[in-house]
Amino acid sequence: MSEQQDRQAEGYDFRAIQDRWLPVWEDLRPFEAGKAGDDRPKKYVLDMFPYPSGDLHMGHAEAFCFGDILARYWRGRGYDVLHPIGWDSFGLPAENAAIKRGVDPREWTYANIEQQKASFRVYAPSFDWSRVLHTSDPEYYKWNQWIFLKMYEKGLAYRKASWVNWDPVDQTVLANEQVLADGTSERSGAVVVKKKLTQWYFRITDYADRLLDDLDQLEGKWPTKVLNMQRNWIGRSRGAEVEFEIEGREQRVPVFTTRPDTLHGATFMVVAPDSDLAAELAAGASPEVRMQFQAYLEQAQKQSEIDRQNADREKTGVFLDHFAVNPVNGERIPVWAADYVLADYGHGAIMAVPAHDQRDLDFALKFELPVRVVLDVRGEDGESLPDPVESGVALAGDGTLVNSAELDGLSKADAIARAVEILEERGTGRAATTYRLRDWLISRQRYWGTPIPILHAEDGSMQPVPESALPVVLPSSEGLDLKPKGTSPLGGATEWATVVDPETGATLTRDPDTMDTFVDSSWYYFRFLSANDGTQAFDPAEAKKWAPVDQYVGGVEHAILHLLYSRFITKVMHDLGYIDFEEPFLDMLNQGMVLLDGAKMSKSKGNLVEFASELRDHGADALRVTLAFAGPPEDDIDWADVSVQGSAKFLARAWRLADDVQGSGSAPGASFASGDAALRRATHRLLADAPGLVEQYKFNVVVARLMEQVNVTRKAVDSGCGAADPAVRESVEAIAVILSLFAPYTAEDMWAKLGHEPTVALVTWPEADPALLVEDEITLVVQVDGKVRDRLTLPASVSAEDAEAAARASAAVQRAVGDRAVVNVVVRVPKIVSIATKPAA
RNA sequence: GCCCCCAUAGCCCAACCGGCAGAGGCAGCCGACUUAAAAUCGGCACAGUCAGGGUUCGAAUCCCUGUGGGGGCACCA
């Protein structure tokens, strides 16, 4: 057998390496956190838990790769790291699969979980498998119900009748957050319609200010994009509430405006057609107006959300035959109903200032209502802008108040402040804030979710299920009609739904709805702390030890939904006294998507890269290195741009170095001090730079640095100091330790070849030696008028004076300066000397 | 309409507080090994940083304007 073949036979074989180490790790269980007596500092690294719809896909591979890099990194830095895994296993896909294929949602769900667990086993993220949870287990959702009861006690869970988003395909209501900007359901893609229903809500709007203001604490720690999205979503808007009298009506009508400065320009009022006020005013109008209003209301409700949101749409409305009185000037203004005013924002009514609001102007021009300019707005040329009636453009800018009595002459900002004062003095208004955010609608008319722990009596009264009776266990799906029909399948489980009150003997009925699955995921990071505790949702002492989550990793698709709900529930837990912090996730990494040929992968488009086949063909390590190396983790990865073969080649190169060291007779534990100085410097630069790079999520750069280190070490082995040199061992050990973040199998095998015991995952990183980071010589660049003219090799300790003298002495520099006069010399040792000149006098 | 992010070799991407545009990879080319190929190894070449203006001794980096791309919010008063 030739040496060549011999080598090949012993070559890098990822399958053999995986098979070698998997059983060893499963035996060692190295990633169980919080063992007794472990007093290392703590880190809680969490990946957003997966939904079990089939096997893992490339998106999972990416997200869990990044989370695992960070978990393994902090272990290497000497931390006790909690890195748990669980499944977000309630939800519609299970139910839809059940309907389509006639299987039990429970069976379908748990079979998928088993498949994902098996894939994770090979992919080998460093999970603590002793804390696994599934939100569809009664042991978990019991605590959803407990949270619901706590919130019910505090008045944070309530029921109301309202116009809700209705998904006609899934036949259930949706939260606002689940309706996309185009008016379709994020789940089914159906066009969402409005329905008036009585539903359960969580009062998240009570927390709007805190949810918004606390985002400031996350600045620089969360992606700006996510902070921005949350701010937009909460949509705080400050202004004033102004009360208008309506002739013939006892109570005054409040409206919200951000522009109380323009009160004198309010020439009509508009109410939302689907508001109670509109119905009341129409009822008191002439039969003719009543009929017009009825027709208008019906037509408005038929509009789809998409049509409604089209801003170019022509304004419509009907006069309600009533007049309001402007509180600042006593003027009578007509009251209209128009669908450009929304019933559920502010008070469902506005004061219309057509001169200074484009929507009001459009309406006024269409229905020939008066327009009064109250703010003199100037253009760039200093001239007053043309009259809105002429131009059709409302004057939205800043200016000086006119036609506004006591406000005349004030600027916009001053007038806003003064107007609020005046309103407050007269008792007809006050400063006010409104939000875009609405309360969180949590009931769903579907089966596969957490039953709402409420009992209904025949007289319509409600009582909570006592805590001692939890969990309210979801009944078997057998015999239930799961098909979407607009009412909850649980209503059909008569035996389950009927309860006899032990005290009164009265017959009670269980609430047939289940909770939005975002309730499940809004607190799961607490449950991991006490996953096996049957007596409480989580142990506050464990929370004190581990929480909040130090590092969260997940997709930006949850930027609003899951993250907002989680922040809300965390604040509620804080207010209930269970925890002493208010933000659940201190740092967050949002990974990009894995694309193929520029498009999102999907089976229907036929551009699918299968996780399972990639894992089989290339192994976990090559896959993980490819994902980490593809670019910044936040960016999308196009699978067409990357090379898994290239990653495998790199891993084989790294592995062969360990093989060479093993073959050289080098033994572990010896001093590195006598090793090759140049290689040692390279190794220590890597050790010095890698932590900062990982902490800045520059995983691609760390992999590049590892490649570089492998390259220089290869050179040292082949044409330098040779494999037996201590510096080579030092370098390869450093490579193995850092590589273990990205390629745990290969690194473990290298570690063993270097003569160490498993596992490299628990090895504390070697410290960089500062003495090896200083160079003796530096290259000083000399610029003349911004152009590089010479490079000088000088001692690293060179003084500014000596550097300048050397620069001036350079022949190349003197040539560049010529007979021009030197006007400025900037010296920045040890980097650069910059000489500025001007023509000789 | 309002707000946010991005733009560097053919491609994916580096470049610290403003200081030599290149770390790494893919693809390409040349060479070694091989009967040959693959694998492996060695080497080479490639842009002046989207455009225009400004600040500065010095700009990929800071500021302004524009173009292109991506994202969030939107008849929200």
# chains A, B, ... in the order shown; residues from 1 in each chain; ligands from 1
$ residues_around --residues "Thr626 in chain A" --least-positions-apart "5" --cutoff "9 Å" --atoms "only C-alpha atoms (C1' of nucleotides)" --output "number ranges by chain"
A: 621, 642-648
$ interface_residues --of "chain A" --to "chain B" --cutoff "8 Å" --atoms "only C-alpha atoms (C1' of nucleotides)" --output "PyMOL selection string"
chain A and resi 224-225+228-229+232-233+256-258+309-311+340-342+345+350-351+359+436+630-631+641-643+646+701+703-705+707-708+781+785-786+788+824-826+831-832+834-836
$ atom_distance --atom1 "CA of Glu582 in chain A" --atom2 "CA of Ala208 in chain A"
13.5 Å
$ select_by_dssp --residues "range 592-631 of chain A" --states "strand (DSSP E or B)" --output "list in words"
Val594, Leu595, Leu596, Ala599 and Lys600 of chain A
$ select_by_dssp --residues "range 621-773 of chain A" --states "alpha helix (DSSP H)" --output "ChimeraX atom specification"
/A:621-629,644-663,677-695,699-719,726-739,744-753
$ atom_distance --atom1 "CA of Tyr745 in chain A" --atom2 "CA of Ala678 in chain A"
29.1 Å
$ residues_around --residues "Arg567 in chain A" --least-positions-apart "3" --cutoff "8 Å" --atoms "only C-alpha atoms (C1' of nucleotides)" --output "PyMOL selection string"
chain A and resi 211+522+563-564+570-571+582-584
$ residues_around --residues "Lys43 in chain A" --least-positions-apart "4" --cutoff "9 Å" --atoms "only C-alpha atoms (C1' of nucleotides)" --output "count of residues only"
13
$ atom_distance --atom1 "CA of Lys196 in chain A" --atom2 "CA of Glu458 in chain A"
22.1 Å
$ residues_around --residues "Val24 in chain A" --least-positions-apart "4" --cutoff "12 Å" --atoms "only C-alpha atoms (C1' of nucleotides)" --output "JSON, numbers by chain"
{"A": [17, 18, 19, 20, 28, 29, 30, 745, 748, 749, 757, 758, 759]}
$ write_last_selection --atoms "N, CA, C and O atoms" --output "short mmCIF file (atom, residue, chain, number, x, y, z; two decimals), in the first residue's frame"
data_model
loop_
_atom_site.label_atom_id
_atom_site.label_comp_id
_atom_site.auth_asym_id
_atom_site.auth_seq_id
_atom_site.Cartn_x
_atom_site.Cartn_y
_atom_site.Cartn_z
N ILE A 17 -16.45 10.12 12.34
CA ILE A 17 -16.24 11.03 13.47
C ILE A 17 -17.55 11.25 14.22
O ILE A 17 -17.60 11.23 15.46
N GLN A 18 -18.64 11.44 13.47
CA GLN A 18 -19.95 11.62 14.13
C GLN A 18 -20.31 10.39 14.95
O GLN A 18 -20.74 10.49 16.10
N ASP A 19 -20.11 9.22 14.33
CA ASP A 19 -20.46 7.98 15.03
C ASP A 19 -19.59 7.75 16.25
O ASP A 19 -20.02 7.15 17.23
N ARG A 20 -18.36 8.24 16.20
CA ARG A 20 -17.45 8.06 17.31
C ARG A 20 -17.87 8.89 18.52
O ARG A 20 -17.82 8.43 19.65
N LEU A 28 -21.70 11.47 28.52
CA LEU A 28 -21.14 12.52 29.40
C LEU A 28 -22.17 13.55 29.83
O LEU A 28 -22.02 14.18 30.86
N ARG A 29 -23.20 13.77 28.99
CA ARG A 29 -24.22 14.81 29.23
C ARG A 29 -23.55 16.12 29.68
O ARG A 29 -23.82 16.61 30.77
N PRO A 30 -22.71 16.69 28.85
CA PRO A 30 -21.89 17.83 29.31
C PRO A 30 -22.65 19.15 29.40
O PRO A 30 -22.10 20.12 29.91
N TYR A 745 -17.92 18.12 16.19
CA TYR A 745 -17.41 16.76 15.99
C TYR A 745 -15.93 16.78 15.60
O TYR A 745 -15.09 16.10 16.17
N GLU A 748 -13.74 17.83 18.38
CA GLU A 748 -13.58 16.79 19.39
C GLU A 748 -12.56 15.74 18.93
O GLU A 748 -11.73 15.28 19.71
N ASP A 749 -12.63 15.39 17.65
CA ASP A 749 -11.71 14.40 17.13
C ASP A 749 -10.28 14.93 17.12
O ASP A 749 -9.32 14.22 17.44
N GLU A 757 -8.60 14.27 26.77
CA GLU A 757 -9.86 13.58 27.06
C GLU A 757 -11.04 14.43 26.57
O GLU A 757 -10.95 15.65 26.58
N PRO A 758 -12.15 13.79 26.23
CA PRO A 758 -13.34 14.58 25.93
C PRO A 758 -13.84 15.26 27.21
O PRO A 758 -13.65 14.71 28.30
N THR A 759 -14.47 16.46 27.08
CA THR A 759 -14.84 16.98 25.80
C THR A 759 -14.27 18.36 25.62
O THR A 759 -14.22 19.15 26.57
#
